[in-house]
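Okay, final_37.txt is below, compact mmCIF, C-alpha atoms:
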```txt
# COMPACT_ATOMS: atom_id res chain seq x y z
CA MET A 54 -68.78 162.29 76.67
CA ALA A 55 -66.33 164.24 74.57
CA PRO A 56 -63.85 165.55 77.25
CA THR A 57 -63.50 162.14 78.89
CA SER A 58 -62.70 160.34 75.67
CA GLN A 59 -60.25 163.15 74.83
CA ALA A 60 -58.54 162.64 78.19
CA GLN A 61 -58.51 158.90 77.66
CA SER A 62 -56.78 159.25 74.31
CA ARG A 63 -54.24 161.62 75.94
CA HIS A 64 -53.53 159.03 78.64
CA GLU A 65 -53.38 156.32 76.01
CA ALA A 66 -50.77 158.32 74.07
CA VAL A 67 -48.61 158.80 77.19
CA ILE A 68 -48.93 155.13 78.18
CA LEU A 69 -47.88 153.99 74.71
CA LYS A 70 -44.93 156.43 74.68
CA LEU A 71 -43.70 155.35 78.13
CA THR A 72 -44.13 151.68 77.24
CA ALA A 73 -42.12 152.17 74.06
CA GLU A 74 -39.37 153.86 76.11
CA LEU A 75 -39.24 151.08 78.72
CA GLU A 76 -35.78 149.71 79.37
CA PRO A 77 -34.89 147.22 82.09
CA VAL A 78 -33.63 149.05 85.20
CA ARG A 79 -31.40 147.99 88.05
CA ARG A 80 -33.35 148.19 91.30
CA LEU A 81 -31.88 150.60 93.86
CA PRO A 82 -30.44 149.00 96.99
CA PRO A 83 -32.25 150.00 100.22
CA PRO A 84 -31.40 153.51 101.51
CA GLY A 85 -29.60 152.14 104.57
CA ARG A 86 -27.13 150.22 102.43
CA ARG A 87 -26.61 153.18 100.10
CA SER A 88 -25.85 155.49 103.01
CA LEU A 89 -23.34 152.94 104.38
CA LEU A 90 -21.44 153.19 101.11
CA TRP A 91 -21.04 156.96 101.47
CA LEU A 92 -20.26 156.68 105.20
CA SER A 93 -17.56 154.11 104.53
CA LEU A 94 -15.88 156.61 102.22
CA VAL A 95 -15.96 159.20 105.02
CA ALA A 96 -14.46 156.55 107.31
CA ALA A 97 -11.67 155.96 104.78
CA ILE A 98 -10.87 159.68 104.78
CA ALA A 99 -10.90 159.61 108.60
CA PHE A 100 -8.32 156.79 108.68
CA THR A 101 -6.11 158.66 106.22
CA LEU A 102 -6.28 161.84 108.30
CA ALA A 103 -5.66 159.88 111.51
CA ALA A 104 -2.48 158.51 109.96
CA VAL A 105 -1.06 162.00 109.40
CA ALA A 106 -2.47 163.71 112.51
CA ASP A 107 -0.75 164.01 115.87
CA ARG A 108 -2.76 161.19 117.51
CA PRO A 109 -1.42 161.40 121.11
CA ALA A 110 -2.23 165.12 121.19
CA VAL A 111 -5.77 164.48 119.92
CA ALA A 112 -6.27 161.76 122.53
CA ALA A 113 -4.95 163.99 125.32
CA ARG A 114 -7.28 166.81 124.35
CA LEU A 115 -10.30 164.53 124.25
CA ALA A 116 -9.37 162.97 127.61
CA ALA A 117 -9.06 166.39 129.21
CA ALA A 118 -12.40 167.75 128.03
CA PRO A 119 -15.48 165.51 128.26
CA ASP A 120 -17.69 168.00 126.42
CA MET A 121 -15.46 167.59 123.36
CA TRP A 122 -16.36 163.93 123.37
CA LEU A 123 -20.04 164.77 123.49
CA SER A 124 -19.65 167.30 120.71
CA LEU A 125 -17.74 164.76 118.60
CA ILE A 126 -20.39 162.08 119.17
CA GLY A 127 -23.05 164.67 118.31
CA SER A 128 -21.45 165.67 115.00
CA ALA A 129 -20.71 162.06 114.01
CA LEU A 130 -24.32 160.98 114.75
CA THR A 131 -25.61 164.01 112.86
CA MET A 132 -23.53 162.93 109.87
CA VAL A 133 -24.85 159.33 109.99
CA LEU A 134 -28.50 160.23 110.49
CA ALA A 135 -28.47 163.08 107.94
CA ALA A 136 -26.97 160.71 105.34
CA VAL A 137 -29.68 158.09 106.06
CA ALA A 138 -32.36 160.81 105.89
CA ALA A 139 -31.02 162.13 102.55
CA PHE A 140 -31.13 158.64 101.00
CA GLU A 141 -34.65 158.08 102.33
CA LEU A 142 -35.75 161.46 100.94
CA SER A 143 -34.29 160.56 97.54
CA LEU A 144 -37.16 158.07 97.14
CA PRO A 145 -40.41 159.55 95.83
CA ASP A 146 -42.71 157.87 98.35
CA ARG A 147 -40.92 158.76 101.61
CA SER A 148 -42.24 161.23 104.15
CA GLU A 149 -40.68 164.68 104.44
CA ARG A 150 -40.44 164.04 108.18
CA TRP A 151 -37.23 162.09 107.53
CA ALA A 152 -35.56 165.50 107.38
CA LEU A 153 -36.07 165.82 111.16
CA LEU A 154 -34.01 162.70 111.91
CA PRO A 155 -30.59 164.45 112.28
CA LEU A 156 -31.94 167.23 114.51
CA PRO A 157 -31.61 165.54 117.97
CA PRO A 158 -27.88 164.73 117.56
CA ALA A 159 -27.40 168.18 116.04
CA LEU A 160 -28.75 169.67 119.27
CA LEU A 161 -26.32 167.55 121.29
CA TRP A 162 -23.49 168.73 119.03
CA LEU A 163 -24.45 172.39 119.42
CA GLY A 164 -25.11 172.05 123.15
CA ALA A 165 -21.79 170.34 123.89
CA SER A 166 -19.88 172.90 121.82
CA GLY A 167 -21.70 175.65 123.68
CA ALA A 168 -20.70 174.07 127.01
CA GLY A 169 -17.11 174.00 125.72
CA CYS A 170 -17.02 177.73 125.21
CA LEU A 171 -18.55 178.34 128.64
CA ARG A 172 -15.61 176.46 130.13
CA ALA A 173 -13.22 178.60 128.13
CA TRP A 174 -14.57 181.60 130.06
CA LEU A 175 -14.67 179.95 133.47
CA VAL A 176 -11.33 178.11 133.52
CA PRO A 177 -8.23 180.30 133.44
CA ASP A 178 -5.35 179.57 131.05
CA THR A 179 -7.53 177.93 128.43
CA HIS A 180 -6.24 178.48 124.95
CA ALA A 181 -9.29 179.90 123.23
CA ALA A 182 -9.24 180.35 119.51
CA ASP A 183 -9.00 183.76 117.95
CA PHE A 184 -10.26 184.57 114.51
CA ASN A 185 -7.03 183.53 112.77
CA ASP A 186 -7.31 179.97 114.11
CA THR A 187 -10.98 179.72 113.25
CA LYS A 188 -10.32 180.90 109.69
CA ASP A 189 -8.52 177.61 109.10
CA CYS A 190 -11.47 175.67 110.53
CA LEU A 191 -13.81 177.45 108.16
CA ALA A 192 -11.58 176.68 105.19
CA PHE A 193 -11.23 173.02 106.29
CA ILE A 194 -15.00 172.48 106.64
CA LEU A 195 -15.80 174.19 103.34
CA ALA A 196 -13.01 172.49 101.39
CA LEU A 197 -13.89 169.01 102.62
CA SER A 198 -17.63 169.56 102.23
CA VAL A 199 -17.37 170.21 98.50
CA PRO A 200 -16.17 166.74 97.40
CA LEU A 201 -18.31 164.98 100.04
CA SER A 202 -21.42 166.86 98.88
CA ALA A 203 -20.65 166.26 95.22
CA LEU A 204 -20.33 162.54 95.81
CA LEU A 205 -23.46 162.36 97.95
CA LEU A 206 -25.56 164.32 95.43
CA GLY A 207 -24.27 162.12 92.63
CA MET A 208 -25.44 159.06 94.54
CA LEU A 209 -28.79 160.68 95.38
CA ARG A 210 -29.45 161.35 91.70
CA ARG A 211 -29.97 157.65 91.16
CA GLY A 212 -33.12 157.97 93.25
CA HIS A 213 -35.98 160.18 92.20
CA THR A 214 -36.84 162.73 94.85
CA LEU A 215 -39.99 164.80 94.60
CA ARG A 216 -38.57 167.29 97.14
CA PRO A 217 -35.20 168.21 95.56
CA ASN A 218 -34.43 171.29 97.68
CA LEU A 219 -35.10 169.55 100.98
CA THR A 220 -33.13 166.45 99.95
CA ALA A 221 -30.14 168.54 98.81
CA ALA A 222 -30.20 170.58 102.03
CA VAL A 223 -30.15 167.42 104.19
CA ALA A 224 -27.32 166.07 102.03
CA GLY A 225 -25.43 169.31 102.71
CA PHE A 226 -26.03 168.84 106.43
CA ALA A 227 -24.54 165.33 106.24
CA SER A 228 -21.46 166.58 104.36
CA ALA A 229 -20.89 169.54 106.67
CA ALA A 230 -21.29 167.33 109.77
CA ALA A 231 -18.79 164.86 108.28
CA ALA A 232 -16.27 167.64 107.61
CA ALA A 233 -16.75 169.06 111.12
CA THR A 234 -16.25 165.58 112.63
CA LEU A 235 -13.03 165.04 110.70
CA LEU A 236 -11.82 168.45 111.90
CA VAL A 237 -11.22 166.89 115.34
CA PHE A 238 -7.80 165.70 114.14
CA PHE A 239 -6.65 169.26 113.53
CA HIS A 240 -8.37 171.24 116.24
CA PRO A 241 -5.60 172.33 118.61
CA TYR A 242 -7.75 174.29 121.10
CA ASP A 243 -10.98 174.35 123.06
CA ALA A 244 -14.19 175.58 121.60
CA SER A 245 -14.65 179.31 122.01
CA ALA A 246 -17.71 181.37 121.23
CA THR A 247 -16.09 182.58 117.97
CA ASP A 248 -15.18 179.02 117.13
CA VAL A 249 -18.71 177.69 117.63
CA ALA A 250 -20.12 180.63 115.66
CA VAL A 251 -17.73 179.92 112.79
CA HIS A 252 -18.68 176.22 112.78
CA VAL A 253 -22.37 177.07 112.74
CA ALA A 254 -21.79 179.58 109.92
CA ALA A 255 -19.79 177.05 107.88
CA VAL A 256 -22.43 174.33 108.30
CA THR A 257 -25.22 176.75 107.40
CA LEU A 258 -23.32 177.92 104.33
CA VAL A 259 -22.78 174.34 103.13
CA ILE A 260 -26.48 173.53 103.65
CA PHE A 261 -27.63 176.55 101.65
CA ALA A 262 -25.10 176.01 98.87
CA ASN A 263 -26.29 172.42 98.56
CA ARG A 264 -29.91 173.49 98.57
CA ALA A 265 -29.24 175.98 95.77
CA TYR A 266 -26.96 173.92 93.50
CA GLY A 267 -27.90 170.41 94.53
CA GLY A 268 -31.60 171.20 94.46
CA ARG A 269 -31.26 172.25 90.84
CA MET A 270 -29.25 169.14 90.05
CA LEU A 271 -31.82 166.83 91.62
CA ARG A 272 -34.72 168.75 90.11
CA ALA A 273 -33.41 168.10 86.61
CA GLU A 274 -34.33 164.49 87.33
CA VAL A 275 -37.85 165.35 88.45
CA SER A 276 -39.42 167.80 86.01
CA MET B 39 -44.11 146.52 88.50
CA ALA B 40 -41.36 144.03 89.24
CA ALA B 41 -41.86 142.65 85.70
CA ALA B 42 -41.73 146.18 84.30
CA GLN B 43 -38.42 146.79 86.09
CA ALA B 44 -37.09 143.78 84.22
CA GLY B 45 -38.28 145.32 80.93
CA ASP B 46 -41.61 143.48 80.31
CA ARG B 47 -43.51 145.94 78.08
CA ALA B 48 -46.86 144.12 78.01
CA ALA B 49 -47.00 143.96 81.81
CA TYR B 50 -45.97 147.62 82.02
CA GLU B 51 -48.67 148.77 79.61
CA ALA B 52 -51.37 146.90 81.53
CA LEU B 53 -50.03 148.28 84.82
CA LEU B 54 -50.05 151.92 83.61
CA ARG B 55 -53.66 151.49 82.35
CA ASP B 56 -54.68 150.25 85.80
CA CYS B 57 -52.89 153.21 87.40
CA VAL B 58 -55.10 155.82 85.66
CA GLY B 59 -58.19 155.09 87.78
CA VAL B 60 -56.24 154.94 91.06
CA ILE B 61 -54.45 158.26 90.35
CA ALA B 62 -57.70 160.00 89.36
CA GLY B 63 -59.28 158.79 92.63
CA VAL B 64 -56.37 160.13 94.70
CA ALA B 65 -56.45 163.47 92.85
CA ARG B 66 -60.19 163.81 93.46
CA ARG B 67 -59.74 163.14 97.18
CA GLN B 68 -57.01 165.81 97.31
CA GLY B 69 -59.52 168.35 96.00
CA VAL B 70 -58.09 168.79 92.51
CA PRO B 71 -60.71 170.47 90.25
CA ALA B 72 -62.34 168.09 87.74
CA ASP B 73 -60.72 169.76 84.73
CA ARG B 74 -57.20 169.35 86.18
CA ILE B 75 -57.41 165.71 87.26
CA ASP B 76 -56.10 164.55 83.89
CA ASP B 77 -53.00 166.71 84.37
CA VAL B 78 -52.31 164.94 87.67
CA VAL B 79 -52.76 161.60 85.92
CA GLN B 80 -50.25 162.56 83.23
CA ASP B 81 -47.69 163.97 85.71
CA THR B 82 -47.96 160.90 87.90
CA LEU B 83 -47.57 158.44 85.01
CA VAL B 84 -44.38 160.21 83.89
CA THR B 85 -43.06 160.26 87.49
CA VAL B 86 -43.79 156.54 87.92
CA HIS B 87 -41.84 155.90 84.73
CA ARG B 88 -38.81 157.95 85.77
CA ALA B 89 -38.82 156.63 89.34
CA ARG B 90 -39.39 152.98 88.50
CA GLN B 91 -35.90 151.95 89.68
CA THR B 92 -36.77 153.19 93.19
CA TYR B 93 -39.74 150.83 93.64
CA ASP B 94 -39.07 148.05 96.12
CA PRO B 95 -41.14 144.93 95.23
CA ALA B 96 -41.28 144.01 98.93
CA ARG B 97 -43.61 146.98 99.46
CA SER B 98 -47.16 147.57 98.22
CA PHE B 99 -47.28 149.03 94.71
CA THR B 100 -50.66 150.68 95.30
CA ALA B 101 -49.36 152.49 98.37
CA TRP B 102 -46.26 153.62 96.46
CA LEU B 103 -48.40 154.89 93.58
CA ALA B 104 -50.89 156.61 95.89
CA VAL B 105 -48.16 158.61 97.67
CA ILE B 106 -46.65 159.76 94.35
CA ALA B 107 -50.11 160.71 92.99
CA GLU B 108 -50.86 162.60 96.20
CA ARG B 109 -47.63 164.63 95.92
CA ARG B 110 -48.22 165.36 92.25
CA ALA B 111 -51.75 166.54 93.09
CA VAL B 112 -50.42 168.83 95.85
CA ASP B 113 -47.76 170.20 93.46
CA LEU B 114 -50.43 170.98 90.88
CA LEU B 115 -52.68 172.66 93.46
CA ARG B 116 -49.77 174.82 94.62
CA LYS B 117 -48.92 175.76 91.05
CA THR B 118 -52.50 176.69 90.11
CA GLY B 119 -52.85 178.54 93.43
CA ARG B 120 -49.88 180.71 92.50
CA HIS B 121 -51.35 181.44 89.06
CA ALA B 122 -54.68 182.42 90.57
CA VAL B 123 -52.95 184.89 92.90
CA ARG B 124 -51.15 186.57 89.98
CA GLU B 125 -54.25 186.92 87.81
CA ILE B 126 -56.69 189.77 88.45
CA HIS B 127 -60.25 190.29 87.32
CA ALA B 128 -60.37 193.56 85.35
CA PRO B 129 -62.90 193.37 82.51
CA LEU B 130 -62.67 197.10 81.73
CA ALA B 131 -58.88 197.00 81.34
CA TYR B 132 -59.21 193.90 79.22
CA GLU B 133 -61.77 195.57 76.93
CA ARG B 134 -59.63 198.69 76.56
CA HIS B 135 -56.31 196.94 75.93
CA THR B 136 -54.81 198.13 72.67
CA ASP B 137 -54.14 195.47 70.12
CA GLU B 138 -50.50 196.15 69.17
CA SER B 139 -50.70 194.02 66.05
CA ALA B 140 -53.53 196.15 64.65
CA GLY B 141 -51.04 198.85 63.62
CA THR B 142 -51.07 202.46 64.78
CA GLY B 143 -52.48 205.52 63.06
CA ARG B 144 -54.63 203.36 60.89
CA SER B 145 -58.35 202.97 61.48
CA ALA B 146 -59.46 199.46 62.20
CA PHE B 147 -62.53 200.10 60.01
CA GLY B 148 -63.13 201.47 56.53
CA PRO B 149 -64.27 205.12 56.08
CA GLU B 150 -67.91 204.07 55.79
CA ALA B 151 -67.83 202.18 59.11
CA THR B 152 -66.02 205.05 60.82
CA ARG B 153 -68.68 207.50 59.66
CA ARG B 154 -71.47 205.24 60.90
CA LEU B 155 -69.73 204.83 64.26
CA GLY B 156 -69.35 208.62 64.56
CA GLU B 157 -73.07 209.09 63.92
CA ALA B 158 -73.99 206.41 66.40
CA VAL B 159 -71.83 208.01 69.10
CA ALA B 160 -73.32 211.43 68.36
CA ASP B 161 -76.84 210.05 68.84
CA LEU B 162 -76.06 208.68 72.34
CA PRO B 163 -77.50 210.45 75.42
CA ALA B 164 -75.12 213.16 76.69
CA ARG B 165 -73.67 211.27 79.67
CA GLN B 166 -73.05 208.13 77.69
CA ARG B 167 -71.44 210.11 74.87
CA GLU B 168 -69.21 211.84 77.37
CA ALA B 169 -68.07 208.49 78.80
CA VAL B 170 -67.31 207.07 75.34
CA GLN B 171 -65.42 210.15 74.23
CA HIS B 172 -63.18 210.37 77.27
CA LEU B 173 -62.63 206.73 78.10
CA VAL B 174 -62.55 205.16 74.64
CA LEU B 175 -61.80 207.75 71.96
CA GLN B 176 -59.34 209.86 74.01
CA GLU B 177 -58.08 206.80 75.95
CA ARG B 178 -58.16 208.54 79.32
CA SER B 179 -58.19 206.68 82.60
CA LEU B 180 -61.26 206.51 84.81
CA ALA B 181 -59.64 208.80 87.39
CA GLU B 182 -58.68 211.42 84.81
CA THR B 183 -62.16 211.38 83.30
CA ALA B 184 -63.76 211.63 86.70
CA ALA B 185 -61.62 214.71 87.47
CA ALA B 186 -62.35 216.30 84.07
CA THR B 187 -66.13 215.75 84.07
CA GLY B 188 -66.92 215.85 87.76
CA ARG B 189 -68.76 212.52 87.60
CA SER B 190 -68.07 209.57 89.88
CA THR B 191 -66.10 206.65 88.45
CA GLY B 192 -69.08 204.38 89.19
CA SER B 193 -71.39 206.51 87.09
CA LEU B 194 -68.79 206.66 84.27
CA LYS B 195 -68.54 202.89 84.25
CA VAL B 196 -72.32 202.47 84.15
CA ASN B 197 -72.66 205.00 81.32
CA LEU B 198 -69.83 203.46 79.33
CA HIS B 199 -71.37 200.05 79.75
CA ARG B 200 -74.79 201.30 78.59
CA ALA B 201 -73.25 203.19 75.67
CA LEU B 202 -71.28 200.16 74.47
CA LYS B 203 -74.41 198.05 74.75
CA SER B 204 -76.54 200.39 72.66
CA LEU B 205 -73.72 200.92 70.11
CA ARG B 206 -73.35 197.19 69.81
CA ALA B 207 -77.10 196.81 69.28
CA ARG B 208 -77.29 199.61 66.73
CA LEU B 209 -74.19 198.77 64.73
CA GLY B 210 -74.88 195.07 64.96
CA GLN B 211 -78.33 195.64 63.39
CA THR B 212 -77.18 197.75 60.49
CA GLY B 213 -73.80 196.15 59.88
```
What's the structure tokens form of this structure?
Amino acid sequence: MAPTSQAQSRHEAVILKLTAELEPVRRLPPPGRRSLLWLSLVAAIAFTLAAVADRPAVAARLAAAPDMWLSLIGSALTMVLAAVAAFELSLPDRSERWALLPLPPALLWLGASGAGCLRAWLVPDTHAADFNDTKDCLAFILALSVPLSALLLGMLRRGHTLRPNLTAAVAGFASAAAAATLLVFFHPYDASATDVAVHVAAVTLVIFANRAYGGRMLRAEVS
Amino acid sequence: MAAAQAGDRAAYEALLRDCVGVIAGVARRQGVPADRIDDVVQDTLVTVHRARQTYDPARSFTAWLAVIAERRAVDLLRKTGRHAVREIHAPLAYERHTDESAGTGRSAFGPEATRRLGEAVADLPARQREAVQHLVLQERSLAETAAATGRSTGSLKVNLHRALKSLRARLGQTG
């Protein structure tokens, strides 16, 4: 059969070419260990920021408002699970469902922040943020997300994702959640509706920027 | 695969040969048309090569390969699906498309052939001649011709088709 033998010789040519190109490779560590590496860097940044921040004030704020605790736990868990999901997705044989992993803590994060702004309306004398305060939050989240995303995407490139856009978007979610978690050291007021909206906008922006630029970066490895 | 990760070329070559059948089987199960299965095989072999550092020897190689082949098959189906949506079936437009490289203002045939073609067109039944003159020689659209002659576009198409068939038969015999 002519077409079959033609196909066989095409396969044979590819197999010989790939075999000729074969170089020994270093096996990737498991995704859990790779995500720990990135998370430990975020932890190092957290310790640095804690050293310069007004720690008693941060502690007093957290003690006074339990929903801030919940929101902090939510954003930190989102960061951890999104990082794990991104490293899982960077492997070609992993299910796309890994992308859902950070969603439950993200809901907790959003819910607790939402409860925070409800309190700002109900309790008198709460210092709610106006747009000027939130502008700094936006700048902080964006500025910190850039290096964190760049590092994460660089690490993800060592894998070989077959879903580059999804992987890059989840990586962006991890970076934005990390930046929002670290913001706790410099957040001198309760969550207000504007504040929550600005956080959501910043996180969304980081996710889409990652999807656009990071997706292209990771796709270069696929094609 | 573990040997291939360490750089063993003989083991790698044997492994890739064994992969071909497995990938083709996966592609077939995914509903890839028979003439595109080889493309899936090629894509998957290249992906296996580029992703070889991500393979964990503690897991099953066949399962790893099958998932990659499945994704490559789905990618190919999506890609061909998109192409199929963009392409349209328009035989008349295809027939009437001007060949830009043929040069303008210059007859594609010699004077003798042009004269014979003119005679052949003149001998056609009236309706068929009308269709050829408007649609082919004057390069009008079906709608314009229908408005000018008062015939339906369906009847114009049928007459053009018949005219081209008889011209082909006549000129093919003598030429």
Find the spatial neighbours of region 127-132 of chain B, counting all atoms listed in the file, within a cut-off of 12 Å - ignore same-chain residues fewer than 4 positions away - and output them as a list in words. Ala122, Val123, Thr136, Asp137, Leu173, Val174, Glu177, Arg178, Ser179, Leu180, Leu194, Lys195, Val196, Leu198, His199 and Leu202 of chain B
With a distance threshold of 10 Å and counting only C-alpha atoms, extract the residues of chain A near chain B and express them as number ranges by chain. A: 56-57, 60-61, 63-65, 67-84, 143-148, 211-216, 274-276
Write to file, as an mmCIF file, in the frame of the given file, the residues of the selection just made, with C-alpha atoms.
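Output file part.cif is given in full below:
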```cif
data_model
loop_
_atom_site.group_PDB
_atom_site.id
_atom_site.type_symbol
_atom_site.label_atom_id
_atom_site.label_comp_id
_atom_site.auth_asym_id
_atom_site.auth_seq_id
_atom_site.Cartn_x
_atom_site.Cartn_y
_atom_site.Cartn_z
ATOM 1 C CA PRO A 56 -63.850 165.550 77.250
ATOM 2 C CA THR A 57 -63.500 162.140 78.890
ATOM 3 C CA ALA A 60 -58.540 162.640 78.190
ATOM 4 C CA GLN A 61 -58.510 158.900 77.660
ATOM 5 C CA ARG A 63 -54.240 161.620 75.940
ATOM 6 C CA HIS A 64 -53.530 159.030 78.640
ATOM 7 C CA GLU A 65 -53.380 156.320 76.010
ATOM 8 C CA VAL A 67 -48.610 158.800 77.190
ATOM 9 C CA ILE A 68 -48.930 155.130 78.180
ATOM 10 C CA LEU A 69 -47.880 153.990 74.710
ATOM 11 C CA LYS A 70 -44.930 156.430 74.680
ATOM 12 C CA LEU A 71 -43.700 155.350 78.130
ATOM 13 C CA THR A 72 -44.130 151.680 77.240
ATOM 14 C CA ALA A 73 -42.120 152.170 74.060
ATOM 15 C CA GLU A 74 -39.370 153.860 76.110
ATOM 16 C CA LEU A 75 -39.240 151.080 78.720
ATOM 17 C CA GLU A 76 -35.780 149.710 79.370
ATOM 18 C CA PRO A 77 -34.890 147.220 82.090
ATOM 19 C CA VAL A 78 -33.630 149.050 85.200
ATOM 20 C CA ARG A 79 -31.400 147.990 88.050
ATOM 21 C CA ARG A 80 -33.350 148.190 91.300
ATOM 22 C CA LEU A 81 -31.880 150.600 93.860
ATOM 23 C CA PRO A 82 -30.440 149.000 96.990
ATOM 24 C CA PRO A 83 -32.250 150.000 100.220
ATOM 25 C CA PRO A 84 -31.400 153.510 101.510
ATOM 26 C CA SER A 143 -34.290 160.560 97.540
ATOM 27 C CA LEU A 144 -37.160 158.070 97.140
ATOM 28 C CA PRO A 145 -40.410 159.550 95.830
ATOM 29 C CA ASP A 146 -42.710 157.870 98.350
ATOM 30 C CA ARG A 147 -40.920 158.760 101.610
ATOM 31 C CA SER A 148 -42.240 161.230 104.150
ATOM 32 C CA ARG A 211 -29.970 157.650 91.160
ATOM 33 C CA GLY A 212 -33.120 157.970 93.250
ATOM 34 C CA HIS A 213 -35.980 160.180 92.200
ATOM 35 C CA THR A 214 -36.840 162.730 94.850
ATOM 36 C CA LEU A 215 -39.990 164.800 94.600
ATOM 37 C CA ARG A 216 -38.570 167.290 97.140
ATOM 38 C CA GLU A 274 -34.330 164.490 87.330
ATOM 39 C CA VAL A 275 -37.850 165.350 88.450
ATOM 40 C CA SER A 276 -39.420 167.800 86.010
#
```
Compare B:Glu168, B:Asp56, B:Glu125, B:Glu133 by their minimum atom-to-atom distance to Phe99 (chain B), counting only C-alpha atoms, and give me the closest one.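 Counting only C-alpha atoms, the residue closest to Phe99 (chain B) is B:Asp56.
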Which residue out of A:Ala224, A:Cys190, A:Leu195, A:Ala97 has the minimum interatomic distance to Ala250 (chain A) when all atoms listed in the file are used?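 Of A:Ala224, A:Cys190, A:Leu195, A:Ala97, the one nearest Ala250 (chain A) is A:Cys190, counting all atoms listed in the file.
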What is the distance between CA of Leu115 (chain B) and CA of Val70 (chain B), in Å to one decimal?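 Atom-to-atom, CA of Leu115 (chain B) and CA of Val70 (chain B) are spaced 6.7 Å apart.
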d(CA of Leu130 (chain A), CA of Phe226 (chain A)) in Å: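 Here the two named atoms are 11.6 Å from each other.
Pairwise distance (CA of Gly267 (chain A), CA of Ala196 (chain A)) equals 16.5 Å.
With distances restricted to only C-alpha atoms, A:Thr131 is the closest residue to Leu154 (chain A) from A:Gln59, A:Thr131, A:Ser166, A:Ser202.
Compared by their closest atoms to Ala129 (chain A), and using all atoms listed in the file, the residues A:Pro109, A:Val256, A:Thr101, A:Pro158 rank with A:Pro158 nearest.
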Residue nearest Val60 (chain B) - candidates B:Ala169, B:Ala72, B:Thr100, B:Ala151, atoms counted: all atoms listed in the file: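 Looking only at the distances to Val60 (chain B), the closest residue turns out to be B:Thr100.
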Taking 3 positions as the minimum chain separation for residues in the same chain, which residues sit within 7 Å of Ala138 (chain A) when counting all atoms listed in the file? Answer as a VMD selection string. chain A and resid 134 to 135 141 to 142 151 to 152 154
Distance query Asn218 (chain A) at most 12 Å, all atoms listed in the file, self and fewer than 3 positions along chain excluded, as number ranges by chain: A: 139, 142-143, 149, 152, 206, 214-215, 221-225, 260-273, 275
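Shortest atom-to-atom contact with Arg67 (chain B) among B:Val112, B:Ala185, B:Ala96, B:Arg153: B:Val112, counting only C-alpha atoms.
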Protein and nucleic acid residues near (-78.7, 204.4, 75.2) (cut-off 10 Å, all atoms listed in the file) as a PyMOL selection string: chain B and resi 159+161-167+197-205+207-208
